[in-house]
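So this one's model.json, JSON, C-alpha atoms:
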```
[["chain", "number", "residue", "atom", "x", "y", "z"],
["A", 895, "MET", "CA", -9.22, -22.16, -18.15],
["A", 896, "ILE", "CA", -12.28, -19.89, -17.73],
["A", 897, "SER", "CA", -14.93, -20.96, -15.23],
["A", 898, "GLU", "CA", -18.52, -21.26, -16.41],
["A", 899, "ARG", "CA", -19.48, -19.51, -13.15],
["A", 900, "ALA", "CA", -17.54, -16.36, -14.02],
["A", 901, "ALA", "CA", -19.51, -13.36, -15.29],
["A", 902, "ILE", "CA", -17.71, -11.93, -18.32],
["A", 903, "SER", "CA", -19.05, -9.02, -20.33],
["A", 904, "LYS", "CA", -19.48, -9.44, -24.07],
["A", 905, "ASN", "CA", -17.60, -6.13, -24.34],
["A", 906, "ALA", "CA", -14.53, -7.46, -22.53],
["A", 907, "SER", "CA", -11.38, -8.65, -24.29],
["A", 908, "ILE", "CA", -9.61, -11.74, -22.95],
["A", 909, "GLY", "CA", -6.08, -12.71, -24.04],
["A", 910, "GLU", "CA", -4.54, -16.14, -24.49],
["A", 911, "ASN", "CA", -3.77, -18.61, -21.68],
["A", 912, "VAL", "CA", -5.88, -16.67, -19.19],
["A", 913, "GLU", "CA", -7.20, -18.35, -16.03],
["A", 914, "ILE", "CA", -10.47, -17.04, -14.57],
["A", 915, "GLU", "CA", -11.90, -18.81, -11.55],
["A", 916, "ASP", "CA", -15.44, -19.10, -10.13],
["A", 917, "PHE", "CA", -17.50, -15.97, -9.43],
["A", 918, "VAL", "CA", -15.07, -13.55, -11.05],
["A", 919, "LYS", "CA", -16.70, -10.51, -12.69],
["A", 920, "VAL", "CA", -15.12, -8.99, -15.81],
["A", 921, "GLY", "CA", -17.04, -5.90, -16.85],
["A", 922, "ASP", "CA", -17.50, -3.66, -19.88],
["A", 923, "GLY", "CA", -14.38, -2.29, -21.51],
["A", 924, "VAL", "CA", -12.00, -4.58, -19.63],
["A", 925, "LYS", "CA", -8.95, -5.86, -21.50],
["A", 926, "VAL", "CA", -7.13, -8.82, -19.97],
["A", 927, "GLY", "CA", -3.65, -9.57, -21.30],
["A", 928, "ASP", "CA", -2.08, -12.95, -22.04],
["A", 929, "GLY", "CA", -1.28, -15.26, -19.14],
["A", 930, "VAL", "CA", -3.29, -13.32, -16.56],
["A", 931, "LYS", "CA", -4.73, -15.25, -13.58],
["A", 932, "ILE", "CA", -7.86, -13.94, -11.87],
["A", 933, "LEU", "CA", -8.76, -15.92, -8.78],
["A", 934, "HIS", "CA", -12.07, -16.67, -7.04],
["A", 935, "GLY", "CA", -14.43, -13.74, -6.58],
["A", 936, "ALA", "CA", -12.21, -10.95, -7.91],
["A", 937, "VAL", "CA", -13.82, -8.05, -9.79],
["A", 938, "LEU", "CA", -12.53, -6.16, -12.83],
["A", 939, "TYR", "CA", -15.34, -3.68, -12.83],
["A", 940, "LYS", "CA", -15.05, -1.44, -15.88],
["A", 941, "ASN", "CA", -12.67, 0.20, -18.39],
["A", 942, "THR", "CA", -9.64, -1.60, -16.98],
["A", 943, "LYS", "CA", -6.58, -2.88, -18.81],
["A", 944, "VAL", "CA", -4.55, -5.66, -17.17],
["A", 945, "GLY", "CA", -1.06, -6.36, -18.48],
["A", 946, "SER", "CA", 0.21, -9.84, -19.33],
["A", 947, "GLY", "CA", 1.36, -12.14, -16.55],
["A", 948, "THR", "CA", -0.46, -10.30, -13.77],
["A", 949, "LYS", "CA", -2.09, -12.32, -10.99],
["A", 950, "ILE", "CA", -5.16, -11.03, -9.14],
["A", 951, "TYR", "CA", -6.08, -12.80, -5.90],
["A", 952, "PRO", "CA", -9.54, -13.50, -4.42],
["A", 953, "TYR", "CA", -11.92, -10.63, -3.79],
["A", 954, "ALA", "CA", -9.71, -7.87, -5.14],
["A", 955, "SER", "CA", -11.78, -5.07, -6.73],
["A", 956, "VAL", "CA", -10.06, -3.35, -9.65],
["A", 957, "GLY", "CA", -11.37, -0.51, -11.80],
["A", 958, "THR", "CA", -14.27, 0.47, -9.57],
["A", 959, "ASP", "CA", -15.81, 3.95, -9.51],
["A", 960, "PRO", "CA", -13.82, 6.75, -7.82],
["A", 961, "GLN", "CA", -14.72, 7.56, -4.22],
["A", 962, "ASP", "CA", -14.92, 11.24, -5.09],
["A", 963, "LEU", "CA", -18.07, 13.34, -4.68],
["A", 964, "LYS", "CA", -17.12, 15.30, -7.80],
["A", 965, "TYR", "CA", -17.33, 12.16, -9.93],
["A", 966, "LYS", "CA", -20.53, 12.22, -11.98],
["A", 967, "GLY", "CA", -20.19, 9.02, -13.98],
["A", 968, "GLU", "CA", -17.85, 10.28, -16.71],
["A", 969, "GLU", "CA", -15.89, 7.69, -18.71],
["A", 970, "THR", "CA", -12.56, 7.06, -16.94],
["A", 971, "PHE", "CA", -9.99, 4.27, -16.89],
["A", 972, "CYS", "CA", -7.63, 2.07, -14.91],
["A", 973, "GLU", "CA", -4.38, 0.56, -16.21],
["A", 974, "ILE", "CA", -2.50, -2.30, -14.52],
["A", 975, "GLY", "CA", 0.97, -3.17, -15.81],
["A", 976, "LYS", "CA", 2.60, -6.48, -16.64],
["A", 977, "ASN", "CA", 3.56, -9.13, -14.10],
["A", 978, "CYS", "CA", 1.89, -7.43, -11.16],
["A", 979, "VAL", "CA", 0.67, -9.22, -8.04],
["A", 980, "ILE", "CA", -2.59, -7.91, -6.57],
["A", 981, "ARG", "CA", -3.42, -9.70, -3.33],
["A", 982, "GLU", "CA", -6.67, -10.34, -1.49],
["A", 983, "PHE", "CA", -9.16, -7.48, -1.00],
["A", 984, "VAL", "CA", -7.05, -4.86, -2.75],
["A", 985, "THR", "CA", -9.18, -1.98, -4.09],
["A", 986, "ILE", "CA", -8.13, 0.14, -7.08],
["A", 987, "ASN", "CA", -10.42, 2.91, -8.30],
["A", 988, "ARG", "CA", -10.54, 4.36, -11.80],
["A", 989, "GLY", "CA", -9.51, 7.97, -12.43],
["A", 990, "THR", "CA", -11.70, 11.05, -12.52],
["A", 991, "SER", "CA", -11.98, 13.74, -15.17],
["A", 992, "ALA", "CA", -8.95, 15.41, -13.54],
["A", 993, "THR", "CA", -6.51, 12.99, -15.23],
["A", 994, "GLY", "CA", -8.79, 10.33, -16.69],
["A", 995, "LYS", "CA", -7.06, 7.28, -15.27],
["A", 996, "THR", "CA", -5.34, 5.46, -12.45],
["A", 997, "VAL", "CA", -2.09, 3.76, -13.48],
["A", 998, "ILE", "CA", -0.14, 0.89, -11.88],
["A", 999, "GLY", "CA", 3.25, 0.14, -13.47],
["A", 1000, "ASP", "CA", 4.89, -3.20, -14.28],
["A", 1001, "ASN", "CA", 6.07, -5.67, -11.62],
["A", 1002, "VAL", "CA", 4.18, -4.00, -8.76],
["A", 1003, "LEU", "CA", 3.27, -5.93, -5.60],
["A", 1004, "LEU", "CA", 0.13, -4.80, -3.79],
["A", 1005, "MET", "CA", -0.33, -6.80, -0.59],
["A", 1006, "ALA", "CA", -3.70, -7.57, 1.02],
["A", 1007, "TYR", "CA", -6.15, -4.73, 1.69],
["A", 1008, "VAL", "CA", -4.12, -2.05, -0.11],
["A", 1009, "HIS", "CA", -6.25, 0.82, -1.41],
["A", 1010, "ILE", "CA", -5.32, 2.85, -4.51],
["A", 1011, "ALA", "CA", -7.65, 5.82, -4.97],
["A", 1012, "HIS", "CA", -8.56, 7.71, -8.13],
["A", 1013, "ASP", "CA", -5.91, 9.28, -10.37],
["A", 1014, "CYS", "CA", -2.96, 7.68, -8.56],
["A", 1015, "ARG", "CA", 0.27, 6.70, -10.26],
["A", 1016, "VAL", "CA", 2.31, 3.77, -8.93],
["A", 1017, "GLY", "CA", 5.69, 3.24, -10.57],
["A", 1018, "ALA", "CA", 7.30, 0.04, -11.80],
["A", 1019, "GLY", "CA", 8.61, -2.35, -9.17],
["A", 1020, "ALA", "CA", 6.91, -0.57, -6.27],
["A", 1021, "ILE", "CA", 5.78, -2.56, -3.21],
["A", 1022, "LEU", "CA", 2.84, -1.56, -1.04],
["A", 1023, "ALA", "CA", 2.50, -3.64, 2.12],
["A", 1024, "ASN", "CA", -0.74, -4.70, 3.78],
["A", 1025, "CYS", "CA", -3.33, -1.96, 4.34],
["A", 1026, "ALA", "CA", -1.26, 0.83, 2.79],
["A", 1027, "THR", "CA", -3.71, 3.51, 1.67],
["A", 1028, "LEU", "CA", -3.24, 6.00, -1.16],
["A", 1029, "ALA", "CA", -5.62, 8.95, -1.33],
["A", 1030, "GLY", "CA", -6.47, 10.56, -4.65],
["A", 1031, "HIS", "CA", -3.74, 11.83, -6.99],
["A", 1032, "VAL", "CA", -0.88, 10.23, -5.04],
["A", 1033, "SER", "CA", 2.30, 9.42, -6.98],
["A", 1034, "VAL", "CA", 4.60, 6.57, -5.92],
["A", 1035, "GLY", "CA", 7.93, 6.37, -7.76],
["A", 1036, "ASP", "CA", 9.63, 3.35, -9.29],
["A", 1037, "HIS", "CA", 10.85, 0.74, -6.77],
["A", 1038, "ALA", "CA", 9.50, 2.65, -3.77],
["A", 1039, "ILE", "CA", 8.30, 0.66, -0.75],
["A", 1040, "VAL", "CA", 5.31, 1.71, 1.36],
["A", 1041, "GLY", "CA", 5.05, 0.03, 4.77],
["A", 1042, "GLY", "CA", 1.87, -1.55, 6.04],
["A", 1043, "LEU", "CA", -0.93, 0.53, 7.57],
["A", 1044, "THR", "CA", 0.55, 3.71, 6.06],
["A", 1045, "PRO", "CA", -1.87, 6.37, 4.77],
["A", 1046, "ILE", "CA", -0.62, 8.85, 2.17],
["A", 1047, "HIS", "CA", -2.33, 12.24, 1.86],
["A", 1048, "GLN", "CA", -3.92, 13.25, -1.44],
["A", 1049, "PHE", "CA", -1.55, 14.79, -4.00],
["A", 1050, "ALA", "CA", 1.53, 13.68, -2.02],
["A", 1051, "ARG", "CA", 4.47, 12.21, -3.94],
["A", 1052, "ILE", "CA", 6.82, 9.40, -2.96],
["A", 1053, "GLY", "CA", 10.12, 9.45, -4.84],
["A", 1054, "ALA", "CA", 11.79, 6.53, -6.58],
["A", 1055, "PHE", "CA", 13.59, 4.04, -4.29],
["A", 1056, "ALA", "CA", 12.16, 5.70, -1.16],
["A", 1057, "ILE", "CA", 10.98, 3.53, 1.72],
["A", 1058, "LEU", "CA", 8.22, 4.42, 4.19],
["A", 1059, "GLY", "CA", 8.03, 2.79, 7.62],
["A", 1060, "GLY", "CA", 4.89, 0.97, 8.65],
["A", 1061, "ALA", "CA", 2.04, 2.90, 10.27],
["A", 1062, "SER", "CA", 3.57, 6.22, 9.22],
["A", 1063, "ARG", "CA", 1.41, 9.25, 8.34],
["A", 1064, "ILE", "CA", 2.62, 10.78, 5.07],
["A", 1065, "ASN", "CA", 1.29, 14.28, 4.48],
["A", 1066, "ARG", "CA", 4.21, 15.78, 2.52],
["A", 1067, "ASP", "CA", 6.40, 14.69, -0.38],
["A", 1068, "VAL", "CA", 9.11, 12.10, 0.39],
["A", 1069, "PRO", "CA", 12.21, 12.60, -1.82],
["A", 1070, "PRO", "CA", 13.79, 9.84, -3.92],
["A", 1071, "TYR", "CA", 16.22, 7.43, -2.24],
["A", 1072, "THR", "CA", 15.20, 8.40, 1.31],
["A", 1073, "MET", "CA", 13.70, 6.72, 4.37],
["A", 1074, "ALA", "CA", 10.69, 8.25, 6.13],
["A", 1075, "ALA", "CA", 8.73, 7.12, 9.17],
["A", 1076, "GLY", "CA", 6.60, 8.44, 12.00],
["A", 1077, "ASN", "CA", 3.35, 10.23, 12.72],
["A", 1078, "PRO", "CA", 3.83, 12.72, 11.22],
["A", 1079, "ALA", "CA", 6.68, 11.34, 9.15],
["A", 1080, "TYR", "CA", 10.25, 12.62, 9.18],
["A", 1081, "LEU", "CA", 13.21, 11.74, 6.96],
["A", 1082, "TYR", "CA", 15.75, 9.41, 8.56],
["A", 1083, "GLY", "CA", 18.51, 9.36, 5.96],
["A", 1084, "LEU", "CA", 18.86, 7.30, 2.81],
["A", 1085, "ASN", "CA", 17.48, 3.90, 1.85],
["A", 1086, "LEU", "CA", 21.01, 2.53, 1.65],
["A", 1087, "VAL", "CA", 20.02, -1.14, 1.76],
["A", 1088, "GLY", "CA", 17.57, -0.62, -1.10],
["A", 1089, "LEU", "CA", 20.12, 1.29, -3.17],
["A", 1090, "LYS", "CA", 22.76, -1.41, -2.74],
["A", 1091, "ARG", "CA", 20.31, -4.17, -3.58],
["A", 1092, "ALA", "CA", 19.31, -2.24, -6.69],
["A", 1093, "GLY", "CA", 22.91, -2.17, -7.86],
["A", 1094, "PHE", "CA", 23.80, 1.48, -7.24],
["A", 1095, "SER", "CA", 27.57, 1.92, -7.27],
["A", 1096, "ALA", "CA", 29.48, 3.20, -4.24],
["A", 1097, "GLU", "CA", 30.27, 6.36, -6.19],
["A", 1098, "LYS", "CA", 26.60, 7.06, -6.94],
["A", 1099, "ILE", "CA", 25.57, 6.40, -3.34],
["A", 1100, "ALA", "CA", 28.30, 8.75, -2.08],
["A", 1101, "LEU", "CA", 27.02, 11.50, -4.37],
["A", 1102, "ILE", "CA", 23.41, 10.95, -3.26],
["A", 1103, "LYS", "CA", 24.61, 11.20, 0.37],
["A", 1104, "LYS", "CA", 26.24, 14.56, -0.32],
["A", 1105, "ALA", "CA", 23.10, 15.85, -2.01],
["A", 1106, "TYR", "CA", 20.96, 14.65, 0.90],
["A", 1107, "ARG", "CA", 23.10, 16.45, 3.48],
["A", 1108, "ILE", "CA", 23.09, 19.69, 1.50],
["A", 1109, "LEU", "CA", 19.37, 19.72, 0.72],
["A", 1110, "PHE", "CA", 17.91, 18.36, 3.95],
["A", 1111, "LYS", "CA", 20.49, 18.75, 6.73],
["A", 1112, "SER", "CA", 22.56, 21.88, 6.03],
["A", 1113, "GLY", "CA", 19.96, 24.49, 6.88],
["A", 1114, "MET", "CA", 20.62, 26.36, 3.62],
["A", 1115, "ASP", "CA", 17.72, 28.02, 1.85],
["A", 1116, "LYS", "CA", 16.36, 26.01, -1.07],
["A", 1117, "GLU", "CA", 17.91, 28.02, -3.90],
["A", 1118, "LYS", "CA", 21.43, 27.97, -2.44],
["A", 1119, "ALA", "CA", 21.19, 24.27, -1.56],
["A", 1120, "ILE", "CA", 20.10, 23.36, -5.09],
["A", 1121, "GLU", "CA", 22.89, 25.45, -6.57],
["A", 1122, "LYS", "CA", 25.46, 23.69, -4.39],
["A", 1123, "VAL", "CA", 24.10, 20.23, -5.26],
["A", 1124, "ARG", "CA", 24.35, 21.03, -8.96],
["A", 1125, "SER", "CA", 27.92, 22.20, -8.44],
["A", 1126, "LEU", "CA", 28.80, 18.64, -7.42],
["A", 1127, "GLY", "CA", 28.63, 17.66, -11.10],
["A", 1128, "LYS", "CA", 26.04, 16.34, -13.51],
["A", 1129, "SER", "CA", 24.29, 13.22, -12.27],
["A", 1130, "ASN", "CA", 20.93, 11.62, -13.08],
["A", 1131, "GLU", "CA", 20.50, 10.77, -9.41],
["A", 1132, "THR", "CA", 21.13, 14.24, -7.97],
["A", 1133, "GLU", "CA", 19.12, 15.88, -10.75],
["A", 1134, "MET", "CA", 16.19, 13.61, -9.90],
["A", 1135, "ILE", "CA", 16.32, 14.80, -6.29],
["A", 1136, "VAL", "CA", 16.65, 18.46, -7.30],
["A", 1137, "ASN", "CA", 13.73, 18.28, -9.74],
["A", 1138, "PHE", "CA", 11.63, 16.52, -7.12],
["A", 1139, "VAL", "CA", 12.26, 19.35, -4.65],
["A", 1140, "LEU", "CA", 11.63, 22.05, -7.25],
["A", 1141, "ASN", "CA", 8.30, 20.50, -8.28],
["A", 1142, "SER", "CA", 6.99, 19.94, -4.77],
["A", 1143, "GLU", "CA", 3.60, 21.51, -4.09],
["A", 1144, "ARG", "CA", 2.81, 19.95, -0.72],
["A", 1145, "GLY", "CA", 6.28, 20.62, 0.66],
["A", 1146, "ILE", "CA", 9.09, 18.20, 1.48],
["A", 1147, "THR", "CA", 9.02, 15.94, 4.54],
["A", 1148, "ARG", "CA", 11.39, 17.37, 7.14],
["A", 1149, "SER", "CA", 14.61, 15.67, 8.19],
["A", 1150, "LYS", "CA", 14.88, 14.49, 11.78]]
```
Could I get this file's structure written as structure tokens?
Amino acid sequence: MISERAAISKNASIGENVEIEDFVKVGDGVKVGDGVKILHGAVLYKNTKVGSGTKIYPYASVGTDPQDLKYKGEETFCEIGKNCVIREFVTINRGTSATGKTVIGDNVLLMAYVHIAHDCRVGAGAILANCATLAGHVSVGDHAIVGGLTPIHQFARIGAFAILGGASRINRDVPPYTMAAGNPAYLYGLNLVGLKRAGFSAEKIALIKKAYRILFKSGMDKEKAIEKVRSLGKSNETEMIVNFVLNSERGITRSK
């Protein structure tokens, strides 16, 4: 199951039932989990852990050095979760000394030519379409969807279950459960289709709608809006939105 024409470091760890095709490079400190498939010409460069069941397509480059002028060769890492799909020509850089690692969660789909820069965090079940580009320190929440050809500014955050339209320019934080699109991007309501598909109840969606209107459409100042949202009653969903707003450093994407 491992090609004789693959280059595998003696310091790499390979699990059971792994398939490695011709001209794959597996470098020092790489740990490949059980059932992983690494197709023709892909590179796992260094200090990278790949979870079981993940499939890496031809010419993807995973765990390469950060594209950061401050990086001076320090030991950093890259972690890929279980059952991920990493398509052709995807590039994923290791972390820098700032956080030490780049992390991709379980069940993530990275379509062709996606770029994940140093110190990024991509949550479980997220989907990044073709040529989506994450600058350094970007955070993408669980089950978020990033449209194709969409660049995301360094340190920006994308909330869980958010969806970003293709070819959008994201330079501020996009709250959980919302839709954003444009250049620059604006909020265009909630990702209702995604929430329904994910099994959110009508009651939860109604509460998220109320929170959205108060926080992003009412014109209230932030403190009063948060107080009013919390007066709606205790909810994991509304508290996630409130905490996201409170912790924003780049500012929240404006509502159209």
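When all atoms listed in the file are used to measure the gap to Gly989 of chain A, the shortest distance among A:Ala1029, A:Cys972, A:Val1002, A:Ala1061 belongs to A:Cys972.
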Where does segment 951-1009 of chain A meet segment 904-928 of chain A within 10 Å, residue by residue, with the nearest atom pair and distance in Å to one decimal for each, counting all atoms listed in the file, listed by chain and rising number, as CSV?
```
residue,atom,partner,partner_atom,distance
A:Pro952,CA,A:Val918,CA,8.6
A:Tyr953,CA,A:Val918,CA,8.4
A:Ala954,CA,A:Val918,CA,9.8
A:Ser955,CA,A:Lys919,CA,9.5
A:Val956,CA,A:Val920,CA,9.8
A:Gly957,CA,A:Val924,CA,8.8
A:Phe971,CA,A:Gly923,CA,9.1
A:Cys972,CA,A:Val924,CA,9.3
A:Glu973,CA,A:Lys925,CA,9.5
A:Ile974,CA,A:Val926,CA,9.7
A:Gly975,CA,A:Gly927,CA,9.6
A:Lys976,CA,A:Gly927,CA,8.4
```
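Near (-3.7, -15.0, -1.1), the residues that fall inside 6 Å on the basis of all atoms listed in the file are Tyr951, Arg981 and Glu982 of chain A.
The smallest atom-to-atom distance between Asp962 of chain A and any of A:Gly929, A:Ile1021, A:Gly1030, A:Arg899, using all atoms listed in the file, is found for A:Gly1030.
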Residue with the minimum atom-to-atom distance to Gly1145 of chain A, picked from A:Lys1116, A:His1012, A:Lys1122, A:Lys1098 with only C-alpha atoms counted, is A:Lys1116
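Proximity of A:Ala1018, A:Val1136, A:His1031, A:Ala1075 to Leu1043 of chain A, computed with all atoms listed in the file, is greatest for A:Ala1075.
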Quick check, in Å to one decimal: how far apart do atom CA of Ile980 of chain A and atom CA of Ser897 of chain A lie? 19.9 Å
Scan for residues within 8 Å of the point (3.6, 11.7, 8.2) in the coordinates of the file, using only C-alpha atoms, and reply as a list in words. Ile1046, Ser1062, Arg1063, Ile1064, Asn1065, Arg1066, Ala1075, Gly1076, Asn1077, Pro1078, Ala1079, Tyr1080 and Thr1147 of chain A
Would you pick out the contacts of Arg1144 of chain A at 10 Å or less, using all atoms listed in the file, so that residues sharing its chain but fewer than 6 positions from it are not included, and give the list as a list in words?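 Here the qualifying residues turn out to be His1047, Gln1048, Phe1049, Ala1050, Arg1051, Asn1065, Arg1066 and Asp1067 of chain A.
Atom CA of Ile1135 of chain A to atom CA of Leu1109 of chain A spans 9.1 Å [interatomic distance, one decimal].
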All file atoms of segment 1001-1012 of chain A boxed axis-aligned, 3 Å per side, centre plus edges, as JSON:
```
{"center_x": -1.2, "center_y": 0.1, "center_z": -5.0, "size_x": 20.6, "size_y": 21.3, "size_z": 19.3}
```
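Take the candidates A:Gly945, A:Gly1060, A:Gly1053, A:Gly1017 and check each one against Val1040 of chain A using all atoms listed in the file; the shortest distance goes to A:Gly1060.
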Please compute the atom CA of Phe1110 of chain A-atom CA of Lys1128 of chain A distance, one decimal, in Å. 19.4 Å
Restricting to only C-alpha atoms, whichever of A:Ile932, A:Lys940, A:Glu1131, A:Glu898 is closest to Ser1095 of chain A is A:Glu1131
Name all residues at most 10 Å from Arg1107 of chain A (count only C-alpha atoms; drop same-chain ones fewer than 5 positions away) and give them as a list in words.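 Here the qualifying residues turn out to be Gly1083, Ile1102, Ser1112, Gly1113, Ala1119, Val1123 and Ser1149 of chain A.
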